[in-house]
Amino acid sequence: MSLQMLSYKSKAGKMLYWGTAIGALLGSLAAGAYVISPSEWPSALLQGPFHMEGTSYLVWHIRMPRLALGFTVGAGLSVAGAAIQGLFRNPLADPGLIGISSGAMVFAVIGIVAFSSLPFLGSAQAFLIPLLAFGGSLLSTGLVYRLATYNGQTRIGAMLLAGVALTALGGAIVGLFSYLATEDELRDITFWTLGSLGGVGWKQVLATLPFVLASTAWLLRQHQALDLLLLGEREALYAGLEVQPVKWGIITAAALGVGAGVAACGAISFVALVVPHAVRTLQGPSHRGLLPAAALLGGTLLVVADAAARICIAPAELPIGIITALLGAPFFLWLLLRQMRSGALPMG
Amino acid sequence: MLEAIGVKVSLGGESVLRDVSLAALPGELGVVLGANGAGKSTLLRALSGELPLTAGSVLLHDRPVQGFKAVALAKYRAVLSQQFQVAYHMSVGEVAMLGRYPYTEPLRRSRELARKALKEVGLSSFWGRSVQTLSGGEQQRVHFARALLQLQGEGEHSRFLLLDEPTASLDLKWQHELLQLARHCAQERNIGVVAVLHDINLAARYADRVWLMQNGGVVASGPPGQSLSAEALSRAYRTNVQPVTHNSLSYLHFTVAERTAPLLIDQNSKNSNYVEANL
């Protein structure tokens, strides 16, 4: 298999990415504590979403929304991660590590605690929390960007340290709210800070999909701008890019993607780090192919990881955030070591 | 025409350009000379439209350069900065094609033009290579090709290419080839090239016009034969610059004097001792 085949820029590569994604979706629809055998599929699917019992209910109302949400969040996080890494010109810029997810989490937790005392909000709450989380991630992205860039150049050390500070602050605030929370709220908060796709329904999908779609669609259209930014901000300006508005547009869209993902299923870390890096290694950093490939691979990865989370200790299940962190953190360390060795990351 | 009229620029409260006026003409290679800190790079950034001016104006086609949209400006003026790194492993072809950003055209057309431009700078076999793995000189040529691509469009207005110390990372051969290429582009495509150089002898040899800077102002300008004198250079560089005469030289040549007496190379001895004025 030639490397060309793994590139989203070739026809074969495109088919490979789409094929893998569809295969993963079908496979995880069948997988779980209860395995749906091939013979059950036709009846379960044909009975449709309004047959509220048995395998049909399991497929249409438990597995499908979960898959849809997992794929959406995975794609959104990966595209946002790729865009942020383009903007910061460094592959270590993971939204989880530089404090973006943390900002989203703080605002979402405030939302969970505050809204539970406002019962009249009802199901509007499901839509308000993503908006709040978006506000939080926007705030932290803007802050990190301001702290980490000087004269149009990113200082990677400052970026990572700003992330450490924001994550610590976020942890303290989430801790404070956990302390103040009631028993029920506490269970919500704990489960959700670990990152989980458990127990989601179509409502959460509806509350997440529009935000992620908006973010991803806008970022996919910015592929040329992101390529130009790899030259540095000044060069991008010379080459004809209106750097300031585009830059803040990218920050806003990426924050929207991360915020919606965090609001829906908590902090699922490292997906946004691993997926863009893998795609860049396979087909190069040009964003024309990188962004759509990252969307598909990110969605696929999260769906597969979620299936693993359901299977490995069935009938119980692991929060998916634990799985992605267990796989992602060592990968991050490896990447860090490689950057230090190549001299790209001054540590003096 | 690209012209500066009474331009003043302050950076961090310090006045870096004091009342600079000059005009770059299409078809000419103009060179900015001067000691470190004389304001050469700042002048180039002011001409590029990137820096806000404290006073005066920079006009491109008789319109203030600050009034242009980035895309419109990019079609008429390209800038090649001093050393900078491309993030990640972008390929040579991809980087060259970024020069086509201001134009709406099919990808195929951009690729075709980029191949031609890379051939022009002697990199035709480098298309798929990662820019990061190239030598400093090769990277410089990739960006030179990108800048040429950026200026390649329809429309009659003249185009300008600003080069900030383009020869800084190049070896002897490529220093000369790059300046020959710049002059060739100026003449063939009627581009106005403005280059900041450190080497007064490269300037003397290739420039159609020189602006000698000192303390944020232009102290001498004109064709090298008129503007470059030992006195003016000595003052601008605060060192004793002397002309070198030799019958194999058909252009001006300068060096820093070893002694106070004027330095002349003996025609018959090939190994004369002198320090190059490569400041």
# chains A, B, ... in the order shown; residues from 1 in each chain; ligands from 1
>>> residues_around(residues="range 152-167 of chain B", least_positions_apart="3", cutoff="7 Å", atoms="only C-alpha atoms", output="ChimeraX atom specification")
/B:1,26,41,44,76-82,148-149,170,175,191-197
>>> write_last_selection(atoms="C-alpha atoms", output="PDB file, in the first residue's frame")
ATOM      1  CA  MET B   1       5.448  53.593  -8.574  1.00  0.00           C
ATOM      2  CA  PRO B  26       9.449  49.453 -11.952  1.00  0.00           C
ATOM      3  CA  SER B  41      14.502  46.818   7.700  1.00  0.00           C
ATOM      4  CA  LEU B  44      11.220  48.000   4.093  1.00  0.00           C
ATOM      5  CA  TYR B  76       1.195  44.252  -6.383  1.00  0.00           C
ATOM      6  CA  ARG B  77       3.798  43.951  -3.661  1.00  0.00           C
ATOM      7  CA  ALA B  78       5.471  40.871  -2.307  1.00  0.00           C
ATOM      8  CA  VAL B  79       7.888  40.694   0.606  1.00  0.00           C
ATOM      9  CA  LEU B  80      10.663  38.237   1.240  1.00  0.00           C
ATOM     10  CA  SER B  81      11.567  38.489   4.914  1.00  0.00           C
ATOM     11  CA  GLN B  82      14.729  37.562   6.685  1.00  0.00           C
ATOM     12  CA  LEU B 148       7.275  35.864  -7.805  1.00  0.00           C
ATOM     13  CA  LEU B 149       4.106  33.769  -8.023  1.00  0.00           C
ATOM     14  CA  LEU B 170      23.433  32.313   1.035  1.00  0.00           C
ATOM     15  CA  GLN B 175      24.369  35.591  -3.335  1.00  0.00           C
ATOM     16  CA  ILE B 191       9.031  44.647 -11.387  1.00  0.00           C
ATOM     17  CA  GLY B 192      10.454  47.236  -9.038  1.00  0.00           C
ATOM     18  CA  VAL B 193      12.776  45.428  -6.636  1.00  0.00           C
ATOM     19  CA  VAL B 194      13.895  46.989  -3.367  1.00  0.00           C
ATOM     20  CA  ALA B 195      16.505  44.958  -1.478  1.00  0.00           C
ATOM     21  CA  VAL B 196      18.147  45.580   1.865  1.00  0.00           C
ATOM     22  CA  LEU B 197      21.749  44.428   1.605  1.00  0.00           C
TER      23      LEU B 197
END
>>> interface_residues(of="chain A", to="chain B", cutoff="7 Å", atoms="only C-alpha atoms", output="CSV table (one decimal) with C-alpha atoms, in the first residue's frame")
chain,number,residue,atom,x,y,z
A,89,ARG,CA,2.2,26.5,14.6
A,228,LEU,CA,-0.6,30.6,5.1
A,230,LEU,CA,2.1,28.2,8.9
A,231,LEU,CA,4.5,30.8,7.4
A,237,LEU,CA,-0.2,39.2,5.9
A,238,TYR,CA,2.3,39.9,3.2
A,239,ALA,CA,0.8,37.0,1.1
A,240,GLY,CA,-2.6,38.7,1.2
A,241,LEU,CA,-4.4,37.3,4.3
A,242,GLU,CA,-6.4,39.6,6.5
A,284,GLY,CA,1.6,16.3,5.3
A,285,PRO,CA,0.4,19.4,7.0
A,286,SER,CA,-1.6,21.0,4.2
>>> residues_around(residues="range 10-25 of chain B", least_positions_apart="2", cutoff="10 Å", atoms="only C-alpha atoms", output="PyMOL selection string")
chain B and resi 1-8+27-31+37-40+42-43+46-47+51-60+158-160+186+190-194+208-209+211+213-219+221
>>> select_by_dssp(residues="range 70-265 of chain B", states="strand (DSSP E or B)", output="ChimeraX atom specification")
/B:77-80,91,130,159-164,191-196,209-214,217-222,241-243,254-256
>>> closest_residue(among="B:Gly136, B:Gly93, B:Pro106, B:Pro224", to="Lys119 in chain B", atoms="only C-alpha atoms")
B:Gly93
>>> residues_around(residues="Ser135 in chain B", least_positions_apart="5", cutoff="10 Å", atoms="only C-alpha atoms", output="PDB file with N, CA, C and O atoms, in the first residue's frame")
ATOM      1  N   GLN B 140      15.398  29.966   0.983  1.00  0.00           N
ATOM      2  CA  GLN B 140      15.287  31.334   0.501  1.00  0.00           C
ATOM      3  C   GLN B 140      14.754  31.361  -0.934  1.00  0.00           C
ATOM      4  O   GLN B 140      13.911  32.179  -1.286  1.00  0.00           O
ATOM      5  N   ARG B 141      15.243  30.414  -1.752  1.00  0.00           N
ATOM      6  CA  ARG B 141      14.819  30.388  -3.145  1.00  0.00           C
ATOM      7  C   ARG B 141      13.370  29.928  -3.289  1.00  0.00           C
ATOM      8  O   ARG B 141      12.645  30.393  -4.173  1.00  0.00           O
ATOM      9  N   SER B 169      21.761  34.337   4.209  1.00  0.00           N
ATOM     10  CA  SER B 169      22.092  32.944   4.510  1.00  0.00           C
ATOM     11  C   SER B 169      22.644  32.215   3.296  1.00  0.00           C
ATOM     12  O   SER B 169      22.722  31.008   3.275  1.00  0.00           O
ATOM     13  N   LEU B 170      22.995  32.967   2.270  1.00  0.00           N
ATOM     14  CA  LEU B 170      23.433  32.313   1.035  1.00  0.00           C
ATOM     15  C   LEU B 170      24.949  32.284   0.907  1.00  0.00           C
ATOM     16  O   LEU B 170      25.633  33.185   1.394  1.00  0.00           O
TER      17      LEU B 170
END
>>> select_by_dssp(residues="range 49-229 of chain B", states="helix (DSSP H, G or I)", output="number ranges by chain")
B: 65-67, 70-74, 92-100, 107-120, 124-126, 131-133, 136-150, 172-189, 200-206, 224-227
>>> residues_around(residues="Gly198 in chain A", least_positions_apart="6", cutoff="10 Å", atoms="only C-alpha atoms", output="list in words")
Ile62, Arg63, Arg66, Phe191, Trp192, Cys265, Asp306, Ala309, Arg310, Glu317, Leu318, Pro319 and Ile320 of chain A
>>> write_last_selection(atoms="all heavy atoms", output="mmCIF file, in the first residue's frame")
data_model
loop_
_atom_site.group_PDB
_atom_site.id
_atom_site.type_symbol
_atom_site.label_atom_id
_atom_site.label_comp_id
_atom_site.auth_asym_id
_atom_site.auth_seq_id
_atom_site.Cartn_x
_atom_site.Cartn_y
_atom_site.Cartn_z
ATOM 1 N N ILE A 62 -30.723 4.019 21.947
ATOM 2 C CA ILE A 62 -29.570 3.987 22.845
ATOM 3 C C ILE A 62 -28.264 4.035 22.061
ATOM 4 O O ILE A 62 -27.460 4.944 22.241
ATOM 5 C CB ILE A 62 -29.630 2.741 23.764
ATOM 6 C CG1 ILE A 62 -30.851 2.893 24.679
ATOM 7 C CG2 ILE A 62 -28.340 2.631 24.580
ATOM 8 C CD1 ILE A 62 -31.057 1.773 25.638
ATOM 9 N N ARG A 63 -28.099 3.088 21.126
ATOM 10 C CA ARG A 63 -26.820 3.038 20.412
ATOM 11 C C ARG A 63 -26.678 4.171 19.391
ATOM 12 O O ARG A 63 -25.636 4.814 19.324
ATOM 13 C CB ARG A 63 -26.658 1.686 19.707
ATOM 14 C CG ARG A 63 -26.591 0.516 20.666
ATOM 15 C CD ARG A 63 -25.202 -0.076 20.787
ATOM 16 N NE ARG A 63 -25.146 -1.009 21.904
ATOM 17 C CZ ARG A 63 -25.185 -2.335 21.763
ATOM 18 N NH1 ARG A 63 -25.267 -2.878 20.563
ATOM 19 N NH2 ARG A 63 -25.126 -3.114 22.826
ATOM 20 N N ARG A 66 -25.874 7.615 20.695
ATOM 21 C CA ARG A 66 -24.551 7.564 21.289
ATOM 22 C C ARG A 66 -23.462 7.602 20.210
ATOM 23 O O ARG A 66 -22.472 8.316 20.326
ATOM 24 C CB ARG A 66 -24.451 6.269 22.102
ATOM 25 C CG ARG A 66 -23.216 6.207 22.913
ATOM 26 C CD ARG A 66 -23.303 5.077 23.904
ATOM 27 N NE ARG A 66 -22.058 5.029 24.621
ATOM 28 C CZ ARG A 66 -21.910 4.479 25.798
ATOM 29 N NH1 ARG A 66 -22.933 3.904 26.405
ATOM 30 N NH2 ARG A 66 -20.741 4.489 26.395
ATOM 31 N N PHE A 191 -19.142 12.182 36.865
ATOM 32 C CA PHE A 191 -19.196 11.326 35.708
ATOM 33 C C PHE A 191 -18.775 12.085 34.467
ATOM 34 O O PHE A 191 -18.042 11.614 33.624
ATOM 35 C CB PHE A 191 -20.627 10.787 35.541
ATOM 36 C CG PHE A 191 -20.663 9.515 34.760
ATOM 37 C CD1 PHE A 191 -19.966 8.400 35.211
ATOM 38 C CD2 PHE A 191 -21.366 9.424 33.582
ATOM 39 C CE1 PHE A 191 -19.986 7.224 34.480
ATOM 40 C CE2 PHE A 191 -21.385 8.254 32.855
ATOM 41 C CZ PHE A 191 -20.696 7.158 33.305
ATOM 42 N N TRP A 192 -19.189 13.330 34.450
ATOM 43 C CA TRP A 192 -19.022 14.136 33.268
ATOM 44 C C TRP A 192 -17.600 14.707 33.167
ATOM 45 O O TRP A 192 -17.045 14.810 32.086
ATOM 46 C CB TRP A 192 -20.106 15.201 33.349
ATOM 47 C CG TRP A 192 -20.100 16.202 32.305
ATOM 48 C CD1 TRP A 192 -20.662 16.108 31.072
ATOM 49 C CD2 TRP A 192 -19.518 17.470 32.421
ATOM 50 N NE1 TRP A 192 -20.442 17.259 30.405
ATOM 51 C CE2 TRP A 192 -19.755 18.115 31.210
ATOM 52 C CE3 TRP A 192 -18.832 18.142 33.427
ATOM 53 C CZ2 TRP A 192 -19.322 19.396 30.971
ATOM 54 C CZ3 TRP A 192 -18.407 19.413 33.195
ATOM 55 C CH2 TRP A 192 -18.650 20.030 31.967
ATOM 56 N N CYS A 265 -20.124 15.780 26.507
ATOM 57 C CA CYS A 265 -19.642 14.567 27.166
ATOM 58 C C CYS A 265 -18.372 14.764 27.975
ATOM 59 O O CYS A 265 -17.588 13.830 28.121
ATOM 60 C CB CYS A 265 -19.501 13.434 26.158
ATOM 61 S SG CYS A 265 -18.724 13.921 24.644
ATOM 62 N N ASP A 306 -15.296 4.341 22.222
ATOM 63 C CA ASP A 306 -16.513 4.212 23.018
ATOM 64 C C ASP A 306 -17.012 2.771 23.018
ATOM 65 O O ASP A 306 -17.492 2.269 24.046
ATOM 66 C CB ASP A 306 -17.585 5.159 22.487
ATOM 67 C CG ASP A 306 -18.837 5.123 23.347
ATOM 68 O OD1 ASP A 306 -18.687 5.254 24.585
ATOM 69 O OD2 ASP A 306 -19.941 4.945 22.801
ATOM 70 N N ALA A 309 -14.987 1.065 25.444
ATOM 71 C CA ALA A 309 -15.403 1.437 26.797
ATOM 72 C C ALA A 309 -16.619 0.632 27.236
ATOM 73 O O ALA A 309 -16.795 0.309 28.408
ATOM 74 C CB ALA A 309 -15.717 2.934 26.852
ATOM 75 N N ARG A 310 -17.476 0.289 26.271
ATOM 76 C CA ARG A 310 -18.683 -0.476 26.607
ATOM 77 C C ARG A 310 -18.367 -1.955 26.774
ATOM 78 O O ARG A 310 -19.007 -2.645 27.555
ATOM 79 C CB ARG A 310 -19.725 -0.321 25.490
ATOM 80 C CG ARG A 310 -20.287 1.069 25.377
ATOM 81 C CD ARG A 310 -21.579 1.042 24.587
ATOM 82 N NE ARG A 310 -21.445 0.386 23.294
ATOM 83 C CZ ARG A 310 -21.345 1.045 22.137
ATOM 84 N NH1 ARG A 310 -21.356 2.355 22.135
ATOM 85 N NH2 ARG A 310 -21.232 0.396 21.012
ATOM 86 N N GLU A 317 -19.490 -0.035 32.275
ATOM 87 C CA GLU A 317 -18.669 0.586 31.244
ATOM 88 C C GLU A 317 -17.741 1.651 31.814
ATOM 89 O O GLU A 317 -18.015 2.246 32.845
ATOM 90 C CB GLU A 317 -19.528 1.160 30.128
ATOM 91 C CG GLU A 317 -20.525 2.204 30.568
ATOM 92 C CD GLU A 317 -21.297 2.732 29.364
ATOM 93 O OE1 GLU A 317 -22.102 1.975 28.791
ATOM 94 O OE2 GLU A 317 -21.053 3.889 28.998
ATOM 95 N N LEU A 318 -16.616 1.819 31.121
ATOM 96 C CA LEU A 318 -15.611 2.796 31.538
ATOM 97 C C LEU A 318 -15.964 4.160 30.954
ATOM 98 O O LEU A 318 -16.441 4.222 29.827
ATOM 99 C CB LEU A 318 -14.252 2.408 30.962
ATOM 100 C CG LEU A 318 -13.301 1.526 31.749
ATOM 101 C CD1 LEU A 318 -12.091 1.228 30.876
ATOM 102 C CD2 LEU A 318 -12.883 2.193 33.039
ATOM 103 N N PRO A 319 -15.694 5.236 31.707
ATOM 104 C CA PRO A 319 -15.798 6.545 31.047
ATOM 105 C C PRO A 319 -14.758 6.626 29.929
ATOM 106 O O PRO A 319 -13.595 6.264 30.136
ATOM 107 C CB PRO A 319 -15.460 7.538 32.162
ATOM 108 C CG PRO A 319 -15.705 6.800 33.427
ATOM 109 C CD PRO A 319 -15.408 5.362 33.141
ATOM 110 N N ILE A 320 -15.186 7.074 28.758
ATOM 111 C CA ILE A 320 -14.311 7.058 27.584
ATOM 112 C C ILE A 320 -13.100 7.977 27.756
ATOM 113 O O ILE A 320 -12.029 7.731 27.214
ATOM 114 C CB ILE A 320 -15.118 7.431 26.319
ATOM 115 C CG1 ILE A 320 -14.261 7.241 25.079
ATOM 116 C CG2 ILE A 320 -15.657 8.828 26.391
ATOM 117 C CD1 ILE A 320 -15.016 7.440 23.805
#
>>> residues_around(residues="Gln125 in chain A", least_positions_apart="5", cutoff="12 Å", atoms="only C-alpha atoms", output="list in words")
Ala108, Gly111, Ile112, Val113, Ala114, Phe115, Ser116, Ser117, Leu118, Pro119, Phe120, Pro130, Leu131, Leu132, Lys203, Gln204, Ala207, Ala263 and Ala264 of chain A
>>> write_last_selection(atoms="N, CA, C and O atoms", output="mmCIF file, in the first residue's frame")
data_model
loop_
_atom_site.group_PDB
_atom_site.id
_atom_site.type_symbol
_atom_site.label_atom_id
_atom_site.label_comp_id
_atom_site.auth_asym_id
_atom_site.auth_seq_id
_atom_site.Cartn_x
_atom_site.Cartn_y
_atom_site.Cartn_z
ATOM 1 N N ALA A 108 -19.419 25.128 32.115
ATOM 2 C CA ALA A 108 -20.486 24.129 32.049
ATOM 3 C C ALA A 108 -20.885 23.667 33.448
ATOM 4 O O ALA A 108 -22.075 23.484 33.741
ATOM 5 N N GLY A 111 -22.960 26.076 35.007
ATOM 6 C CA GLY A 111 -24.291 25.918 34.421
ATOM 7 C C GLY A 111 -25.077 24.806 35.082
ATOM 8 O O GLY A 111 -26.245 24.977 35.453
ATOM 9 N N ILE A 112 -24.441 23.655 35.255
ATOM 10 C CA ILE A 112 -25.134 22.502 35.843
ATOM 11 C C ILE A 112 -25.660 22.841 37.225
ATOM 12 O O ILE A 112 -26.825 22.585 37.556
ATOM 13 N N VAL A 113 -24.805 23.469 38.046
ATOM 14 C CA VAL A 113 -25.218 23.782 39.415
ATOM 15 C C VAL A 113 -26.254 24.901 39.437
ATOM 16 O O VAL A 113 -27.276 24.818 40.119
ATOM 17 N N ALA A 114 -26.016 25.934 38.632
ATOM 18 C CA ALA A 114 -26.929 27.078 38.644
ATOM 19 C C ALA A 114 -28.301 26.707 38.101
ATOM 20 O O ALA A 114 -29.328 27.057 38.683
ATOM 21 N N PHE A 115 -28.331 25.937 36.997
ATOM 22 C CA PHE A 115 -29.611 25.652 36.351
ATOM 23 C C PHE A 115 -30.469 24.698 37.157
ATOM 24 O O PHE A 115 -31.684 24.696 37.025
ATOM 25 N N SER A 116 -29.833 23.855 37.999
ATOM 26 C CA SER A 116 -30.641 22.894 38.743
ATOM 27 C C SER A 116 -31.527 23.636 39.737
ATOM 28 O O SER A 116 -32.534 23.107 40.197
ATOM 29 N N SER A 117 -31.184 24.887 40.065
ATOM 30 C CA SER A 117 -32.063 25.657 40.939
ATOM 31 C C SER A 117 -33.056 26.472 40.121
ATOM 32 O O SER A 117 -33.808 27.265 40.666
ATOM 33 N N LEU A 118 -33.002 26.322 38.810
ATOM 34 C CA LEU A 118 -33.951 27.038 37.953
ATOM 35 C C LEU A 118 -34.741 26.025 37.128
ATOM 36 O O LEU A 118 -34.549 25.902 35.924
ATOM 37 N N PRO A 119 -35.645 25.264 37.775
ATOM 38 C CA PRO A 119 -36.308 24.152 37.088
ATOM 39 C C PRO A 119 -37.145 24.597 35.892
ATOM 40 O O PRO A 119 -37.368 23.822 34.979
ATOM 41 N N PHE A 120 -37.562 25.880 35.886
ATOM 42 C CA PHE A 120 -38.448 26.317 34.784
ATOM 43 C C PHE A 120 -37.736 26.329 33.432
ATOM 44 O O PHE A 120 -38.346 26.409 32.389
ATOM 45 N N PRO A 130 -24.154 23.940 26.364
ATOM 46 C CA PRO A 130 -23.136 24.090 25.301
ATOM 47 C C PRO A 130 -22.757 25.550 25.053
ATOM 48 O O PRO A 130 -21.587 25.866 24.817
ATOM 49 N N LEU A 131 -23.751 26.444 25.116
ATOM 50 C CA LEU A 131 -23.456 27.861 24.893
ATOM 51 C C LEU A 131 -22.518 28.397 25.971
ATOM 52 O O LEU A 131 -21.568 29.123 25.684
ATOM 53 N N LEU A 132 -22.813 28.018 27.230
ATOM 54 C CA LEU A 132 -21.946 28.442 28.330
ATOM 55 C C LEU A 132 -20.538 27.892 28.159
ATOM 56 O O LEU A 132 -19.545 28.610 28.310
ATOM 57 N N LYS A 203 -31.684 14.092 22.347
ATOM 58 C CA LYS A 203 -31.704 15.500 22.772
ATOM 59 C C LYS A 203 -30.290 16.065 22.827
ATOM 60 O O LYS A 203 -30.028 17.157 22.325
ATOM 61 N N GLN A 204 -29.372 15.285 23.420
ATOM 62 C CA GLN A 204 -27.982 15.765 23.497
ATOM 63 C C GLN A 204 -27.362 15.897 22.097
ATOM 64 O O GLN A 204 -26.562 16.799 21.853
ATOM 65 N N ALA A 207 -28.497 19.008 20.679
ATOM 66 C CA ALA A 207 -27.931 20.168 21.354
ATOM 67 C C ALA A 207 -26.458 20.354 20.999
ATOM 68 O O ALA A 207 -25.870 21.383 21.299
ATOM 69 N N ALA A 263 -19.305 20.233 26.564
ATOM 70 C CA ALA A 263 -20.641 20.326 27.169
ATOM 71 C C ALA A 263 -21.387 19.014 27.025
ATOM 72 O O ALA A 263 -22.108 18.585 27.920
ATOM 73 N N ALA A 264 -21.195 18.324 25.897
ATOM 74 C CA ALA A 264 -21.956 17.105 25.644
ATOM 75 C C ALA A 264 -21.424 15.933 26.446
ATOM 76 O O ALA A 264 -22.197 15.159 27.000
#
>>> residues_around(residues="Ala80 in chain A", least_positions_apart="4", cutoff="10 Å", atoms="only C-alpha atoms", output="mmCIF file with N, CA and C atoms, in the first residue's frame")
data_model
loop_
_atom_site.group_PDB
_atom_site.id
_atom_site.type_symbol
_atom_site.label_atom_id
_atom_site.label_comp_id
_atom_site.auth_asym_id
_atom_site.auth_seq_id
_atom_site.Cartn_x
_atom_site.Cartn_y
_atom_site.Cartn_z
ATOM 1 N N GLY A 74 -16.015 13.641 18.315
ATOM 2 C CA GLY A 74 -14.674 13.266 17.874
ATOM 3 C C GLY A 74 -14.232 14.081 16.667
ATOM 4 N N ALA A 75 -15.144 14.255 15.707
ATOM 5 C CA ALA A 75 -14.819 15.033 14.511
ATOM 6 C C ALA A 75 -14.589 16.498 14.887
ATOM 7 N N GLY A 76 -15.483 17.028 15.712
ATOM 8 C CA GLY A 76 -15.377 18.442 16.106
ATOM 9 C C GLY A 76 -14.088 18.730 16.849
ATOM 10 N N ILE A 84 -6.218 24.698 15.777
ATOM 11 C CA ILE A 84 -5.461 25.383 16.833
ATOM 12 C C ILE A 84 -3.968 25.109 16.680
ATOM 13 N N GLN A 85 -3.630 23.863 16.310
ATOM 14 C CA GLN A 85 -2.216 23.538 16.109
ATOM 15 C C GLN A 85 -1.644 24.271 14.898
ATOM 16 N N GLY A 86 -2.489 24.557 13.916
ATOM 17 C CA GLY A 86 -2.046 25.365 12.786
ATOM 18 C C GLY A 86 -1.811 26.799 13.210
ATOM 19 N N ASP A 94 -2.781 21.088 22.180
ATOM 20 C CA ASP A 94 -4.008 20.305 22.364
ATOM 21 C C ASP A 94 -4.974 21.124 23.207
ATOM 22 N N PRO A 95 -6.236 21.206 22.788
ATOM 23 C CA PRO A 95 -7.184 22.044 23.548
ATOM 24 C C PRO A 95 -7.260 21.667 25.027
ATOM 25 N N VAL A 212 -21.212 21.918 16.510
ATOM 26 C CA VAL A 212 -20.046 21.265 15.921
ATOM 27 C C VAL A 212 -20.050 21.433 14.401
ATOM 28 N N SER A 215 -18.937 24.930 13.557
ATOM 29 C CA SER A 215 -17.506 25.071 13.783
ATOM 30 C C SER A 215 -16.699 24.361 12.703
ATOM 31 N N THR A 216 -17.037 23.091 12.459
ATOM 32 C CA THR A 216 -16.273 22.291 11.502
ATOM 33 C C THR A 216 -16.411 22.840 10.091
ATOM 34 N N LEU A 219 -14.319 25.991 9.752
ATOM 35 C CA LEU A 219 -12.875 25.720 9.766
ATOM 36 C C LEU A 219 -12.408 25.032 8.477
ATOM 37 N N LEU A 220 -13.241 24.120 7.940
ATOM 38 C CA LEU A 220 -12.866 23.435 6.703
ATOM 39 C C LEU A 220 -12.668 24.440 5.571
ATOM 40 N N ILE A 250 -10.859 31.866 13.531
ATOM 41 C CA ILE A 250 -10.410 30.493 13.775
ATOM 42 C C ILE A 250 -10.500 30.173 15.267
ATOM 43 N N ILE A 251 -10.079 31.138 16.101
ATOM 44 C CA ILE A 251 -10.145 30.923 17.553
ATOM 45 C C ILE A 251 -11.593 30.694 17.987
ATOM 46 N N THR A 252 -12.513 31.520 17.455
ATOM 47 C CA THR A 252 -13.925 31.396 17.840
ATOM 48 C C THR A 252 -14.497 30.052 17.401
ATOM 49 N N ALA A 253 -14.228 29.678 16.146
ATOM 50 C CA ALA A 253 -14.792 28.426 15.640
ATOM 51 C C ALA A 253 -14.230 27.222 16.392
ATOM 52 N N ALA A 254 -12.918 27.245 16.650
ATOM 53 C CA ALA A 254 -12.311 26.121 17.368
ATOM 54 C C ALA A 254 -12.880 26.044 18.783
ATOM 55 N N ALA A 255 -13.060 27.204 19.432
ATOM 56 C CA ALA A 255 -13.621 27.219 20.783
ATOM 57 C C ALA A 255 -15.046 26.672 20.781
ATOM 58 N N LEU A 256 -15.782 26.980 19.700
ATOM 59 C CA LEU A 256 -17.151 26.482 19.590
ATOM 60 C C LEU A 256 -17.154 24.946 19.494
ATOM 61 N N GLY A 257 -16.262 24.413 18.672
ATOM 62 C CA GLY A 257 -16.186 22.964 18.517
ATOM 63 C C GLY A 257 -15.816 22.269 19.823
ATOM 64 N N VAL A 258 -14.799 22.821 20.506
ATOM 65 C CA VAL A 258 -14.362 22.223 21.770
ATOM 66 C C VAL A 258 -15.441 22.395 22.834
ATOM 67 N N ALA A 272 -7.857 15.425 20.152
ATOM 68 C CA ALA A 272 -7.499 16.562 19.313
ATOM 69 C C ALA A 272 -6.000 16.682 19.108
ATOM 70 N N LEU A 273 -5.237 15.923 19.866
ATOM 71 C CA LEU A 273 -3.780 15.934 19.724
ATOM 72 C C LEU A 273 -3.329 14.807 18.794
ATOM 73 N N PRO A 276 -4.937 14.773 14.600
ATOM 74 C CA PRO A 276 -4.276 15.624 13.591
ATOM 75 C C PRO A 276 -2.824 15.221 13.368
ATOM 76 N N LEU A 291 -7.834 18.735 7.321
ATOM 77 C CA LEU A 291 -9.046 18.976 8.103
ATOM 78 C C LEU A 291 -10.139 17.937 7.878
ATOM 79 N N ALA A 294 -8.993 14.625 9.331
ATOM 80 C CA ALA A 294 -9.018 14.638 10.797
ATOM 81 C C ALA A 294 -10.444 14.489 11.306
ATOM 82 N N ALA A 295 -11.391 15.111 10.618
ATOM 83 C CA ALA A 295 -12.799 14.993 11.034
ATOM 84 C C ALA A 295 -13.228 13.521 11.002
#
>>> atom_distance(atom1="CA of Leu113 in chain B", atom2="CA of Lys11 in chain A")
23.9 Å
